[in-house]
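S.K.: Dropping in structure-v5.txt, with compact mmCIF, C-alpha atoms and all ligand atoms.
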```
# COMPACT_ATOMS: atom_id res chain seq x y z
CA MET U 1 1.57 76.65 -39.06
CA VAL U 2 2.20 79.55 -41.42
CA ALA U 3 2.29 83.02 -39.89
CA SER U 4 0.69 85.70 -42.05
CA THR U 5 2.62 88.83 -42.87
CA ASP U 6 -0.66 90.72 -42.79
CA GLN U 7 -2.05 90.94 -39.24
CA ARG U 8 -4.80 93.43 -40.00
CA TYR U 9 -7.53 90.83 -40.37
CA ALA U 10 -9.23 88.76 -37.70
CA LEU U 11 -10.51 86.41 -40.42
CA GLU U 12 -9.23 85.87 -43.96
CA ILE U 13 -10.97 83.45 -46.28
CA GLU U 14 -9.25 82.99 -49.60
CA GLN U 15 -10.74 81.07 -52.53
CA LEU U 16 -12.29 78.58 -50.12
CA SER U 17 -13.94 75.48 -51.57
CA ALA U 18 -15.34 72.91 -49.17
CA GLY U 19 -18.21 70.45 -48.82
CA TYR U 20 -19.04 66.87 -47.96
CA ASP U 21 -17.76 63.52 -49.21
CA GLY U 22 -15.64 65.02 -51.97
CA THR U 23 -18.41 67.24 -53.36
CA ASP U 24 -17.94 70.97 -52.93
CA VAL U 25 -20.83 72.98 -51.52
CA LEU U 26 -18.81 76.20 -51.28
CA HIS U 27 -16.99 77.45 -54.35
CA GLN U 28 -13.98 79.76 -54.11
CA VAL U 29 -15.41 81.97 -51.39
CA SER U 30 -13.22 84.94 -50.40
CA PHE U 31 -13.75 87.70 -47.85
CA VAL U 32 -12.05 89.26 -44.84
CA LEU U 33 -13.17 90.55 -41.45
CA LYS U 34 -11.28 93.21 -39.53
CA PRO U 35 -10.98 92.90 -35.75
CA GLY U 36 -14.22 94.07 -34.12
CA GLU U 37 -16.32 93.75 -37.27
CA ILE U 38 -19.67 91.97 -37.29
CA ALA U 39 -20.73 90.24 -40.49
CA CYS U 40 -23.83 88.30 -41.51
CA LEU U 41 -24.31 85.66 -44.15
CA LEU U 42 -27.61 85.65 -46.00
CA GLY U 43 -28.83 83.41 -48.78
CA PRO U 44 -31.55 80.97 -49.79
CA SER U 45 -31.97 77.71 -47.93
CA GLY U 46 -29.26 75.20 -48.84
CA CYS U 47 -26.83 77.78 -50.28
CA GLY U 48 -24.06 76.76 -47.85
CA LYS U 49 -24.25 79.23 -44.95
CA THR U 50 -24.00 76.63 -42.18
CA THR U 51 -21.39 74.70 -44.15
CA LEU U 52 -19.23 77.82 -44.19
CA LEU U 53 -19.55 78.24 -40.41
CA LYS U 54 -18.77 74.54 -39.87
CA THR U 55 -15.73 74.82 -42.10
CA LEU U 56 -14.45 77.84 -40.20
CA ALA U 57 -15.03 75.99 -36.93
CA GLY U 58 -12.90 73.09 -38.21
CA PHE U 59 -15.63 70.46 -38.56
CA ASN U 60 -15.33 70.22 -42.37
CA SER U 61 -12.24 69.71 -44.45
CA VAL U 62 -11.29 72.07 -47.23
CA SER U 63 -10.71 71.00 -50.83
CA SER U 64 -8.93 74.19 -51.87
CA GLY U 65 -8.21 77.70 -50.65
CA GLN U 66 -7.48 78.64 -47.08
CA VAL U 67 -8.81 80.06 -43.81
CA LYS U 68 -6.65 82.25 -41.58
CA ILE U 69 -7.68 83.56 -38.21
CA ASP U 70 -5.61 86.35 -36.73
CA GLY U 71 -3.01 85.61 -39.37
CA ARG U 72 -2.75 81.91 -38.46
CA LEU U 73 -3.44 79.35 -41.18
CA LEU U 74 -6.13 77.01 -39.80
CA SER U 75 -7.56 75.32 -42.88
CA SER U 76 -6.24 74.48 -46.31
CA LYS U 77 -6.02 71.31 -48.41
CA ASP U 78 -3.12 70.14 -46.21
CA VAL U 79 -3.87 71.84 -42.88
CA ASN U 80 -6.84 71.27 -40.59
CA VAL U 81 -6.37 72.60 -37.07
CA SER U 82 -8.81 70.86 -34.73
CA PRO U 83 -11.88 72.81 -33.55
CA GLU U 84 -10.65 73.14 -29.94
CA HIS U 85 -7.42 74.80 -31.07
CA ARG U 86 -9.01 77.47 -33.26
CA ALA U 87 -9.91 80.12 -30.62
CA ILE U 88 -13.42 80.25 -32.06
CA GLY U 89 -16.58 80.69 -29.98
CA MET U 90 -19.93 79.38 -31.17
CA VAL U 91 -23.56 80.19 -30.46
CA PHE U 92 -26.25 78.06 -32.05
CA GLN U 93 -30.01 78.41 -32.32
CA ASP U 94 -30.79 75.75 -29.73
CA PHE U 95 -28.58 77.48 -27.10
CA ALA U 96 -27.11 74.11 -26.01
CA LEU U 97 -26.61 75.26 -22.41
CA PHE U 98 -25.73 72.51 -19.95
CA PRO U 99 -29.06 71.90 -18.19
CA HIS U 100 -27.59 70.67 -14.90
CA PHE U 101 -25.14 73.58 -14.63
CA SER U 102 -26.13 76.92 -13.14
CA VAL U 103 -25.78 80.08 -15.22
CA ASN U 104 -22.45 80.80 -13.46
CA GLN U 105 -21.18 77.28 -14.19
CA ASN U 106 -22.29 77.48 -17.81
CA ILE U 107 -20.42 80.71 -18.38
CA ALA U 108 -17.32 79.47 -16.51
CA PHE U 109 -17.21 76.26 -18.56
CA GLY U 110 -14.33 77.24 -20.85
CA LEU U 111 -12.32 79.08 -18.19
CA ASP U 112 -10.41 76.20 -16.55
CA ARG U 113 -7.07 77.85 -17.18
CA LEU U 114 -8.00 80.84 -14.99
CA SER U 115 -7.60 81.02 -11.22
CA LYS U 116 -10.80 80.62 -9.20
CA GLN U 117 -10.87 84.30 -8.35
CA LYS U 118 -10.26 85.45 -11.94
CA ARG U 119 -12.92 83.01 -13.15
CA ARG U 120 -15.47 84.42 -10.71
CA GLN U 121 -14.59 87.94 -11.77
CA THR U 122 -14.91 87.15 -15.50
CA VAL U 123 -18.29 85.46 -15.01
CA ALA U 124 -19.59 88.43 -13.00
CA GLN U 125 -18.43 90.88 -15.68
CA LEU U 126 -20.08 88.87 -18.44
CA LEU U 127 -23.35 88.52 -16.50
CA GLU U 128 -23.38 92.28 -16.12
CA LEU U 129 -22.58 92.75 -19.81
CA VAL U 130 -25.47 90.57 -20.99
CA GLY U 131 -27.88 92.16 -18.50
CA LEU U 132 -28.27 89.12 -16.24
CA HIS U 133 -26.74 90.39 -13.03
CA GLY U 134 -28.26 88.36 -10.17
CA PHE U 135 -29.14 85.34 -12.34
CA GLY U 136 -25.89 83.43 -11.73
CA GLU U 137 -27.35 80.77 -9.40
CA GLN U 138 -30.35 79.99 -11.60
CA TYR U 139 -30.58 77.03 -13.96
CA PRO U 140 -31.29 77.22 -17.71
CA HIS U 141 -34.87 75.91 -17.37
CA GLU U 142 -35.65 78.83 -15.02
CA LEU U 143 -34.79 81.38 -17.72
CA SER U 144 -36.73 82.71 -20.71
CA GLY U 145 -35.55 81.93 -24.25
CA GLY U 146 -34.00 85.38 -24.63
CA GLN U 147 -32.21 85.07 -21.27
CA GLN U 148 -30.88 81.63 -22.20
CA GLN U 149 -29.54 83.03 -25.45
CA ARG U 150 -27.76 85.79 -23.53
CA VAL U 151 -26.14 83.14 -21.31
CA ALA U 152 -25.07 81.22 -24.41
CA LEU U 153 -23.49 84.41 -25.74
CA ALA U 154 -21.73 85.10 -22.43
CA ARG U 155 -20.40 81.53 -22.38
CA ALA U 156 -19.09 81.86 -25.94
CA LEU U 157 -17.45 85.22 -25.18
CA ALA U 158 -15.86 84.09 -21.88
CA PRO U 159 -12.64 82.57 -23.29
CA GLU U 160 -12.17 85.72 -25.44
CA PRO U 161 -12.29 83.94 -28.79
CA THR U 162 -10.66 85.60 -31.79
CA LEU U 163 -13.81 84.90 -33.79
CA LEU U 164 -17.39 84.26 -32.73
CA LEU U 165 -19.67 82.22 -34.99
CA LEU U 166 -23.43 82.55 -34.52
CA ASP U 167 -25.76 80.20 -36.42
CA GLU U 168 -29.28 81.62 -36.47
CA PRO U 169 -29.03 82.46 -32.77
CA PHE U 170 -32.47 84.08 -32.57
CA SER U 171 -34.53 81.78 -34.78
CA SER U 172 -36.40 80.08 -31.94
CA LEU U 173 -37.43 83.42 -30.40
CA ASP U 174 -40.52 85.46 -31.25
CA ALA U 175 -40.23 88.38 -33.66
CA GLU U 176 -40.35 91.17 -31.09
CA LEU U 177 -37.76 89.58 -28.83
CA ARG U 178 -35.48 88.87 -31.79
CA GLY U 179 -35.60 92.52 -32.79
CA ARG U 180 -34.62 93.72 -29.31
CA LEU U 181 -32.07 90.99 -28.63
CA SER U 182 -30.29 91.44 -31.96
CA LEU U 183 -29.64 95.12 -31.17
CA ASP U 184 -28.55 94.29 -27.61
CA ILE U 185 -26.21 91.62 -28.86
CA ARG U 186 -24.69 93.98 -31.40
CA ASP U 187 -23.99 96.42 -28.54
CA ILE U 188 -22.47 93.64 -26.40
CA LEU U 189 -20.24 92.43 -29.23
CA LYS U 190 -19.14 96.00 -29.98
CA GLN U 191 -18.35 96.66 -26.30
CA ARG U 192 -16.12 93.58 -26.29
CA ASN U 193 -14.67 94.50 -29.71
CA ALA U 194 -15.57 90.94 -30.72
CA THR U 195 -15.26 89.82 -34.32
CA ALA U 196 -18.35 87.86 -35.28
CA LEU U 197 -19.87 86.06 -38.24
CA MET U 198 -23.56 85.25 -38.04
CA VAL U 199 -25.90 83.23 -40.22
CA THR U 200 -29.46 84.41 -40.40
CA HIS U 201 -32.54 84.13 -42.59
CA ASP U 202 -33.73 87.55 -41.57
CA GLN U 203 -32.60 90.49 -43.70
CA GLN U 204 -33.76 93.08 -41.19
CA GLU U 205 -31.73 91.35 -38.50
CA ALA U 206 -28.67 91.23 -40.75
CA PHE U 207 -29.05 94.90 -41.63
CA ALA U 208 -29.52 95.88 -37.97
CA MET U 209 -26.54 93.89 -36.69
CA ALA U 210 -23.92 93.72 -39.37
CA ASP U 211 -21.16 96.00 -40.60
CA GLN U 212 -20.75 93.71 -43.61
CA VAL U 213 -23.17 91.28 -45.19
CA GLY U 214 -22.34 88.41 -47.53
CA ILE U 215 -24.89 87.05 -49.99
CA LEU U 216 -24.41 83.40 -50.92
CA LYS U 217 -26.12 81.58 -53.78
CA ASP U 218 -25.38 77.94 -54.58
CA GLY U 219 -22.15 78.18 -52.59
CA ASN U 220 -20.92 81.22 -54.53
CA LEU U 221 -20.47 84.55 -52.79
CA GLN U 222 -22.42 87.08 -54.85
CA GLN U 223 -21.49 90.22 -52.93
CA TRP U 224 -19.71 91.13 -49.72
CA ASP U 225 -20.62 94.65 -48.76
CA SER U 226 -22.19 97.06 -46.28
CA PRO U 227 -25.99 96.78 -45.85
CA PHE U 228 -26.33 100.22 -47.49
CA ASN U 229 -24.41 99.18 -50.58
CA LEU U 230 -26.22 95.86 -50.90
CA TYR U 231 -29.50 97.72 -51.02
CA HIS U 232 -28.39 100.64 -53.17
CA GLU U 233 -25.64 99.05 -55.26
CA PRO U 234 -26.57 95.39 -55.74
CA ALA U 235 -23.84 93.68 -57.78
CA ASN U 236 -26.20 91.61 -59.89
CA ARG U 237 -29.84 90.72 -60.51
CA PHE U 238 -29.83 88.00 -57.89
CA VAL U 239 -28.76 90.39 -55.12
CA ALA U 240 -31.18 93.06 -56.40
CA ASN U 241 -34.08 90.61 -56.14
CA PHE U 242 -32.95 88.93 -52.94
CA ILE U 243 -32.30 92.08 -50.90
CA GLY U 244 -35.18 94.40 -50.11
CA ARG U 245 -38.21 94.85 -52.31
CA GLY U 246 -38.21 96.02 -55.88
CA THR U 247 -39.28 95.42 -59.46
CA LEU U 248 -37.14 95.26 -62.59
CA LEU U 249 -38.79 97.41 -65.27
CA GLU U 250 -37.86 97.18 -68.92
CA GLY U 251 -36.15 100.26 -70.36
CA ILE U 252 -34.15 101.54 -73.32
CA MET U 253 -31.04 103.67 -72.98
CA ARG U 254 -31.67 107.13 -74.40
CA SER U 255 -28.38 108.74 -73.45
CA GLY U 256 -25.49 108.12 -71.04
CA GLU U 257 -27.72 108.31 -67.99
CA ALA U 258 -31.33 108.50 -69.25
CA ILE U 259 -33.51 105.43 -69.57
CA GLU U 260 -36.94 105.39 -71.17
CA THR U 261 -39.45 103.24 -69.30
CA GLU U 262 -43.20 103.10 -68.94
CA LEU U 263 -42.73 105.39 -65.92
CA GLY U 264 -41.30 108.03 -68.28
CA LEU U 265 -37.74 109.09 -69.01
CA LEU U 266 -35.76 108.25 -65.88
CA ILE U 267 -32.52 110.04 -65.18
CA GLY U 268 -30.37 107.50 -63.41
CA ASN U 269 -27.84 110.02 -62.03
CA ARG U 270 -25.01 107.72 -62.91
CA ALA U 271 -23.00 106.97 -66.00
CA TYR U 272 -24.19 103.71 -67.51
CA ARG U 273 -21.91 101.82 -69.82
CA TRP U 274 -24.46 101.05 -72.52
CA PRO U 275 -25.01 102.93 -75.81
CA GLU U 276 -28.26 104.62 -76.85
CA GLY U 277 -30.92 102.12 -77.86
CA HIS U 278 -29.53 99.39 -75.59
CA PRO U 279 -32.22 97.36 -73.74
CA VAL U 280 -31.85 97.33 -69.95
CA ASP U 281 -33.86 96.50 -66.83
CA VAL U 282 -34.15 99.23 -64.19
CA LEU U 283 -34.55 98.38 -60.51
CA ILE U 284 -37.43 100.34 -58.95
CA ARG U 285 -37.55 100.14 -55.15
CA PRO U 286 -40.63 101.23 -53.14
CA ASP U 287 -38.67 104.26 -51.92
CA ASP U 288 -37.84 105.32 -55.50
CA VAL U 289 -41.48 106.22 -56.24
CA VAL U 290 -43.51 108.99 -54.59
CA GLU U 291 -47.14 110.03 -54.81
CA ASP U 292 -47.44 113.33 -56.62
CA ARG U 293 -50.82 114.97 -57.20
CA ASN U 294 -49.27 117.11 -59.97
CA SER U 295 -48.05 114.12 -61.91
CA ASP U 296 -49.93 113.11 -65.04
CA MET U 297 -48.83 109.51 -64.54
CA SER U 298 -50.85 107.17 -62.35
CA ALA U 299 -51.13 103.51 -61.48
CA VAL U 300 -53.96 101.46 -60.01
CA ILE U 301 -53.72 100.26 -56.42
CA VAL U 302 -54.02 96.46 -56.35
CA GLY U 303 -52.62 95.76 -52.89
CA LYS U 304 -52.22 97.54 -49.58
CA VAL U 305 -50.25 96.58 -46.46
CA PHE U 306 -50.70 98.88 -43.48
CA ALA U 307 -47.55 98.96 -41.33
CA GLY U 308 -48.26 101.62 -38.71
CA SER U 309 -46.25 104.68 -39.71
CA SER U 310 -46.29 103.79 -43.40
CA THR U 311 -48.39 101.86 -45.88
CA LEU U 312 -46.97 99.76 -48.69
CA TYR U 313 -49.14 99.96 -51.81
CA ARG U 314 -48.81 97.55 -54.72
CA LEU U 315 -49.55 99.35 -57.98
CA GLU U 316 -50.33 97.96 -61.41
CA LEU U 317 -48.88 99.82 -64.40
CA ARG U 318 -50.50 99.93 -67.84
CA SER U 319 -48.33 97.04 -69.01
CA GLY U 320 -49.62 94.90 -66.15
CA LYS U 321 -46.21 95.08 -64.41
CA ARG U 322 -46.47 95.74 -60.68
CA ILE U 323 -44.38 98.09 -58.58
CA GLU U 324 -44.57 99.03 -54.91
CA ILE U 325 -44.61 102.40 -53.22
CA LEU U 326 -44.22 103.36 -49.57
CA CYS U 327 -46.51 106.18 -48.39
CA PRO U 328 -46.96 107.84 -44.99
CA SER U 329 -49.90 105.96 -43.51
CA HIS U 330 -52.06 109.06 -43.04
CA HIS U 331 -52.24 109.24 -46.86
CA ASP U 332 -54.94 106.62 -47.06
CA TYR U 333 -56.11 105.22 -50.41
CA GLU U 334 -58.44 102.42 -51.34
CA LEU U 335 -57.87 99.44 -53.59
CA LYS U 336 -58.62 100.27 -57.24
CA ASP U 337 -57.89 103.99 -56.71
CA ALA U 338 -55.59 105.51 -59.35
CA LEU U 339 -52.58 106.89 -57.50
CA PRO U 340 -50.65 109.74 -59.20
CA ILE U 341 -46.94 108.90 -59.00
CA ARG U 342 -43.50 110.08 -59.97
CA VAL U 343 -40.12 108.38 -59.84
CA GLN U 344 -37.82 110.23 -57.47
CA ALA U 345 -34.53 108.45 -57.07
CA ASP U 346 -31.02 109.62 -56.24
CA HIS U 347 -29.61 107.01 -58.50
CA LEU U 348 -31.07 104.06 -60.34
CA ILE U 349 -29.55 100.63 -60.74
CA ALA U 350 -29.89 99.06 -64.18
CA PHE U 351 -28.87 95.68 -65.56
CA GLU U 352 -28.28 94.71 -69.13
CA ARG U 353 -31.24 92.85 -70.66
CA HIS U 354 -30.19 89.95 -72.78
CA ASP U 355 -33.63 89.14 -74.17
CA PRO U 356 -34.72 91.17 -77.18
CA ILE U 357 -37.82 93.29 -76.51
N1 LIG U 401 -23.58 66.57 -43.38
C1 LIG U 401 -23.85 66.77 -44.69
N2 LIG U 401 -23.56 65.83 -45.60
C2 LIG U 401 -23.81 66.01 -46.93
N3 LIG U 401 -24.39 67.13 -47.43
C3 LIG U 401 -24.72 68.10 -46.56
C4 LIG U 401 -24.48 67.97 -45.14
N4 LIG U 401 -24.90 69.11 -44.54
C5 LIG U 401 -25.40 69.91 -45.52
N5 LIG U 401 -25.29 69.32 -46.72
C6 LIG U 401 -25.69 69.89 -48.03
O1 LIG U 401 -24.92 71.06 -48.27
C7 LIG U 401 -25.72 72.07 -48.87
C8 LIG U 401 -25.64 73.33 -48.03
O2 LIG U 401 -26.22 73.08 -46.75
P1 LIG U 401 -26.17 74.15 -45.57
O3 LIG U 401 -26.75 73.52 -44.37
O4 LIG U 401 -24.78 74.69 -45.48
O5 LIG U 401 -27.12 75.29 -46.17
P2 LIG U 401 -27.73 76.57 -45.46
O6 LIG U 401 -27.50 77.70 -46.41
O7 LIG U 401 -27.19 76.72 -44.08
O8 LIG U 401 -29.26 76.18 -45.44
P3 LIG U 401 -30.45 76.61 -44.43
O9 LIG U 401 -30.65 78.07 -44.66
O10 LIG U 401 -31.61 75.81 -44.93
O11 LIG U 401 -30.02 76.26 -43.04
C9 LIG U 401 -27.12 71.51 -48.99
O12 LIG U 401 -27.30 71.04 -50.32
C10 LIG U 401 -27.13 70.35 -48.01
O13 LIG U 401 -28.00 69.34 -48.45
```
Write the structure described by the file as structure tokens, please.
Ligand SMILES: Nc1ncnc2c1ncn2[C@@H]1O[C@H](COP(=O)(O)OP(=O)(O)OP(=O)(O)O)[C@@H](O)[C@H]1O
M.R.:
Amino acid sequence: MVASTDQRYALEIEQLSAGYDGTDVLHQVSFVLKPGEIACLLGPSGCGKTTLLKTLAGFNSVSSGQVKIDGRLLSSKDVNVSPEHRAIGMVFQDFALFPHFSVNQNIAFGLDRLSKQKRRQTVAQLLELVGLHGFGEQYPHELSGGQQQRVALARALAPEPTLLLLDEPFSSLDAELRGRLSLDIRDILKQRNATALMVTHDQQEAFAMADQVGILKDGNLQQWDSPFNLYHEPANRFVANFIGRGTLLEGIMRSGEAIETELGLLIGNRAYRWPEGHPVDVLIRPDDVVEDRNSDMSAVIVGKVFAGSSTLYRLELRSGKRIEILCPSHHDYELKDALPIRVQADHLIAFERHDPI
């Protein structure tokens, strides 16, 4: 095994390509996780999220690149440390608790090396941590889905793995429970200073839980960044469309930071790299547009989704292009009303448009 000179990272993935039967599904994926960081992988179905977790866990071989955990080389073309020697914990969507073991026995499963007393102590601490004090003698079938998932987490954390992998751990739970549990689990992981990588389909969940989020498309990592940056600084059109809501509006550069669009001359508050006259597409998010009774620009309401404290309106512009706007829900409009609007954005993301107008 090769010891890394750089011990700052819990996980280092460098130029990793891996797949099945000689065909790569992941292509030169690189990112790092610091100790105690939580990251999520997002991407369309089939993009390779689970394959990446399986490769990190040691179930898939690597065709090129390498995986290091805590500075230890675990996977490369010539090295493949077996799953049980990787110090990795795993939590999957179907919990996979042992049905004939009590909660205590499930959590103690990977703790053979500890003395009986230490084992009992560790299990009690973990039960407390996951909010299941007093449930130790119960069996999995006597617990709710959320409680079972907490036991699965406690079991995975018990041997103090260097890295925890979670594959859609909340997907079989209802929406409300997922929301609560994801925040609880973030707190639990942070209290343990655990380093974790989670696959999810749910952007809100990823944003709520993760310090870093990776966006995969066709096995290629598009961006590895904080949730804030993914939303506000998407690296390309794919990320811009995939993350959050928004519309790409056609525009023409009028100066270093001004773009003419059908919503008027927009000042992007950033230096773009294109010359005057260059065609671009500007990303307009629902929070970039506000209602403004003094504006002489309006758009027709063609859709309305009430969401309690706010309402999302879909508006049709003169060109037929649709944008969305988020309004406080006490500002109530009807379909077909003309809503006066103004673009109010701190900064605007634009992409070069290759097609001539
Ligand atoms: N055991 C396997 N053998 C061969 N190909 C596989 C195997 N498992 C997955 N694949 C293929 O690898 C690609 C990536 O699959 P993977 O399960 O990693 O995607 P995913 O992003 O996790 O998808 P989802 O979001 O639908 O769970 C897909 O094209 C899939 O068909």
S.K.: Of the candidates U:Tyr231, U:Tyr20, U:Tyr9, U:Phe242, which one gets nearest to ligand LIG 401 (chain U) if we count only C-alpha atoms and all ligand atoms?
M.R.: U:Tyr20
S.K.: Can you tell me, as a list in words, what residues are no more than 12 Å from Asp78 in chain U when counting all atoms listed in the file, ignoring any on the same chain fewer than 5 positions away?
M.R.: Met1, Val2, Ser61, Val62, Ser63, Ser64, Gly65, Gln66, Val67 and Leu73 of chain U
S.K.: Any chance you could tabulate, as CSV, the residues of chain U at most 9 Å from ligand LIG 401 (chain U) with each one's nearest atom pair and distance in Å to one decimal, using all atoms listed in the file, in chain and rising number order?
M.R.:
```
residue,atom,partner,partner_atom,distance
U:Gly19,CA,U:LIG401,O1,6.8
U:Tyr20,CA,U:LIG401,C2,5.0
U:Asp21,CA,U:LIG401,C2,6.9
U:Thr23,CA,U:LIG401,N3,8.4
U:Asp24,CA,U:LIG401,O1,8.4
U:Val25,CA,U:LIG401,O1,5.6
U:Leu26,CA,U:LIG401,C8,8.1
U:Leu41,CA,U:LIG401,O6,8.9
U:Leu42,CA,U:LIG401,O6,8.0
U:Gly43,CA,U:LIG401,O6,6.3
U:Pro44,CA,U:LIG401,O9,6.0
U:Ser45,CA,U:LIG401,O9,3.5
U:Gly46,CA,U:LIG401,O5,3.4
U:Cys47,CA,U:LIG401,O6,3.9
U:Gly48,CA,U:LIG401,O4,3.2
U:Lys49,CA,U:LIG401,O6,3.9
U:Thr50,CA,U:LIG401,O7,3.7
U:Thr51,CA,U:LIG401,O4,3.6
U:Leu52,CA,U:LIG401,O4,6.5
U:Leu53,CA,U:LIG401,O4,8.1
U:Lys54,CA,U:LIG401,O4,8.2
U:Asp167,CA,U:LIG401,O7,8.5
U:Glu168,CA,U:LIG401,O11,8.5
U:Val199,CA,U:LIG401,O7,7.7
U:Thr200,CA,U:LIG401,O9,7.7
U:His201,CA,U:LIG401,O9,6.7
U:Leu216,CA,U:LIG401,O6,7.9
U:Lys217,CA,U:LIG401,O6,8.4
U:Asp218,CA,U:LIG401,C8,8.0
U:Gly219,CA,U:LIG401,C8,7.5
```
S.K.: Save the residues we just selected, C-alpha atoms, as a PDB file, in the frame of the given file?
M.R.:
```pdb
ATOM      1  CA  GLY U  19     -18.210  70.450 -48.820  1.00  0.00           C
ATOM      2  CA  TYR U  20     -19.040  66.870 -47.960  1.00  0.00           C
ATOM      3  CA  ASP U  21     -17.760  63.520 -49.210  1.00  0.00           C
ATOM      4  CA  THR U  23     -18.410  67.240 -53.360  1.00  0.00           C
ATOM      5  CA  ASP U  24     -17.940  70.970 -52.930  1.00  0.00           C
ATOM      6  CA  VAL U  25     -20.830  72.980 -51.520  1.00  0.00           C
ATOM      7  CA  LEU U  26     -18.810  76.200 -51.280  1.00  0.00           C
ATOM      8  CA  LEU U  41     -24.310  85.660 -44.150  1.00  0.00           C
ATOM      9  CA  LEU U  42     -27.610  85.650 -46.000  1.00  0.00           C
ATOM     10  CA  GLY U  43     -28.830  83.410 -48.780  1.00  0.00           C
ATOM     11  CA  PRO U  44     -31.550  80.970 -49.790  1.00  0.00           C
ATOM     12  CA  SER U  45     -31.970  77.710 -47.930  1.00  0.00           C
ATOM     13  CA  GLY U  46     -29.260  75.200 -48.840  1.00  0.00           C
ATOM     14  CA  CYS U  47     -26.830  77.780 -50.280  1.00  0.00           C
ATOM     15  CA  GLY U  48     -24.060  76.760 -47.850  1.00  0.00           C
ATOM     16  CA  LYS U  49     -24.250  79.230 -44.950  1.00  0.00           C
ATOM     17  CA  THR U  50     -24.000  76.630 -42.180  1.00  0.00           C
ATOM     18  CA  THR U  51     -21.390  74.700 -44.150  1.00  0.00           C
ATOM     19  CA  LEU U  52     -19.230  77.820 -44.190  1.00  0.00           C
ATOM     20  CA  LEU U  53     -19.550  78.240 -40.410  1.00  0.00           C
ATOM     21  CA  LYS U  54     -18.770  74.540 -39.870  1.00  0.00           C
ATOM     22  CA  ASP U 167     -25.760  80.200 -36.420  1.00  0.00           C
ATOM     23  CA  GLU U 168     -29.280  81.620 -36.470  1.00  0.00           C
ATOM     24  CA  VAL U 199     -25.900  83.230 -40.220  1.00  0.00           C
ATOM     25  CA  THR U 200     -29.460  84.410 -40.400  1.00  0.00           C
ATOM     26  CA  HIS U 201     -32.540  84.130 -42.590  1.00  0.00           C
ATOM     27  CA  LEU U 216     -24.410  83.400 -50.920  1.00  0.00           C
ATOM     28  CA  LYS U 217     -26.120  81.580 -53.780  1.00  0.00           C
ATOM     29  CA  ASP U 218     -25.380  77.940 -54.580  1.00  0.00           C
ATOM     30  CA  GLY U 219     -22.150  78.180 -52.590  1.00  0.00           C
TER      31      GLY U 219
END
```
S.K.: Between CA of Phe31 in chain U and CA of Gly110 in chain U, measure the distance and give it in Å to one decimal.
M.R.: 29.0 Å
S.K.: For Arg273 in chain U, work out the shell of residues within 10 Å, counting all atoms listed in the file and skipping chain neighbours fewer than 3 positions away, then give it as a ChimeraX atom specification.
M.R.: /U:253,256-257,270,276,278,352
S.K.: Do you know which residues are at most 12 Å from Pro159 in chain U counting only C-alpha atoms, after dropping those on the same chain fewer than 3 positions away, and could you put them as a list in words?
M.R.: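 Once the nearby chain positions are removed, what remains is Glu84, Arg86, Ala87, Ile88, Gly89, Met90, Ile107, Ala108, Phe109, Gly110, Leu111, Asp112, Arg113, Leu114, Lys118, Arg119, Thr122, Val123, Leu126, Leu153, Ala154, Arg155, Ala156, Thr162, Leu163, Leu164, Arg192 and Ala194 of chain U.
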S.K.: Rank U:His133, U:Arg314, U:Arg120, U:His27 by their smallest atom-to-atom distance to Leu339 in chain U, using all atoms listed in the file, and report the top residue only.
M.R.: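 Of U:His133, U:Arg314, U:Arg120, U:His27, the one nearest Leu339 in chain U is U:Arg314, counting all atoms listed in the file.
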S.K.: Would you work out the distance separating CA of Val79 in chain U from CA of Ile38 in chain U, expressed in Å to one decimal?
M.R.: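 CA of Ile38 in chain U lies at a distance of 26.2 Å from CA of Val79 in chain U.
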S.K.: Rank U:Val81, U:Leu56, U:Ile323, U:Leu197 by their smallest atom-to-atom distance to Gly303 in chain U, using only C-alpha atoms, and report the top residue only.
M.R.: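 Among U:Val81, U:Leu56, U:Ile323, U:Leu197, it is U:Ile323 that comes nearest to Gly303 in chain U.
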S.K.: What is the CA of Gln138 in chain U to CA of Val103 in chain U distance in Å?
M.R.: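 According to the coordinates, CA of Gln138 in chain U and CA of Val103 in chain U are separated by 5.8 Å.
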S.K.: Using all atoms listed in the file, find the one residue out of U:Ala350, U:Leu326, U:Met209, U:Leu317 that sits nearest to Arg178 in chain U.
M.R.: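 With all atoms listed in the file as the atom set, the closest residue is U:Met209.
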S.K.: Find the residue from U:Arg285, U:Arg254, U:Lys77, U:Arg186 that sits nearest to Cys40 in chain U; use only C-alpha atoms when measuring.
M.R.: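 Of all the options, U:Arg186 lies closest to Cys40 in chain U.
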S.K.: Return the single residue from U:Ser172, U:Thr247, U:Gln28, U:Gln204 that is closest to Ser144 in chain U, with distances computed using all atoms listed in the file.
M.R.: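 Closest residue, counting all atoms listed in the file: U:Ser172.
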S.K.: Determine, counting only C-alpha atoms, every residue of protein, DNA or RNA that lies within 12 Å of (-29.9, 78.2, -18.6) in the file coordinates, then give the result as a ChimeraX atom specification.
M.R.: /U:94-107,132,135-155
S.K.: Enumerate, as a PyMOL selection string, the protein, DNA and RNA residues whose atoms approach (-24.1, 96.5, -43.8) to within 9 Å, taking into account all atoms listed in the file and the coordinate frame of the file.
M.R.: chain U and resi 39-40+206-213+225-230
S.K.: Quick one: residues within 10 Å of Phe306 in chain U, all atoms listed in the file, excluding same-chain residues fewer than 3 positions away - as a list in words?
M.R.: Ser309, Ser310, Thr311, Leu312, Tyr313, Leu326, Cys327, Pro328, Ser329 and Asp332 of chain U
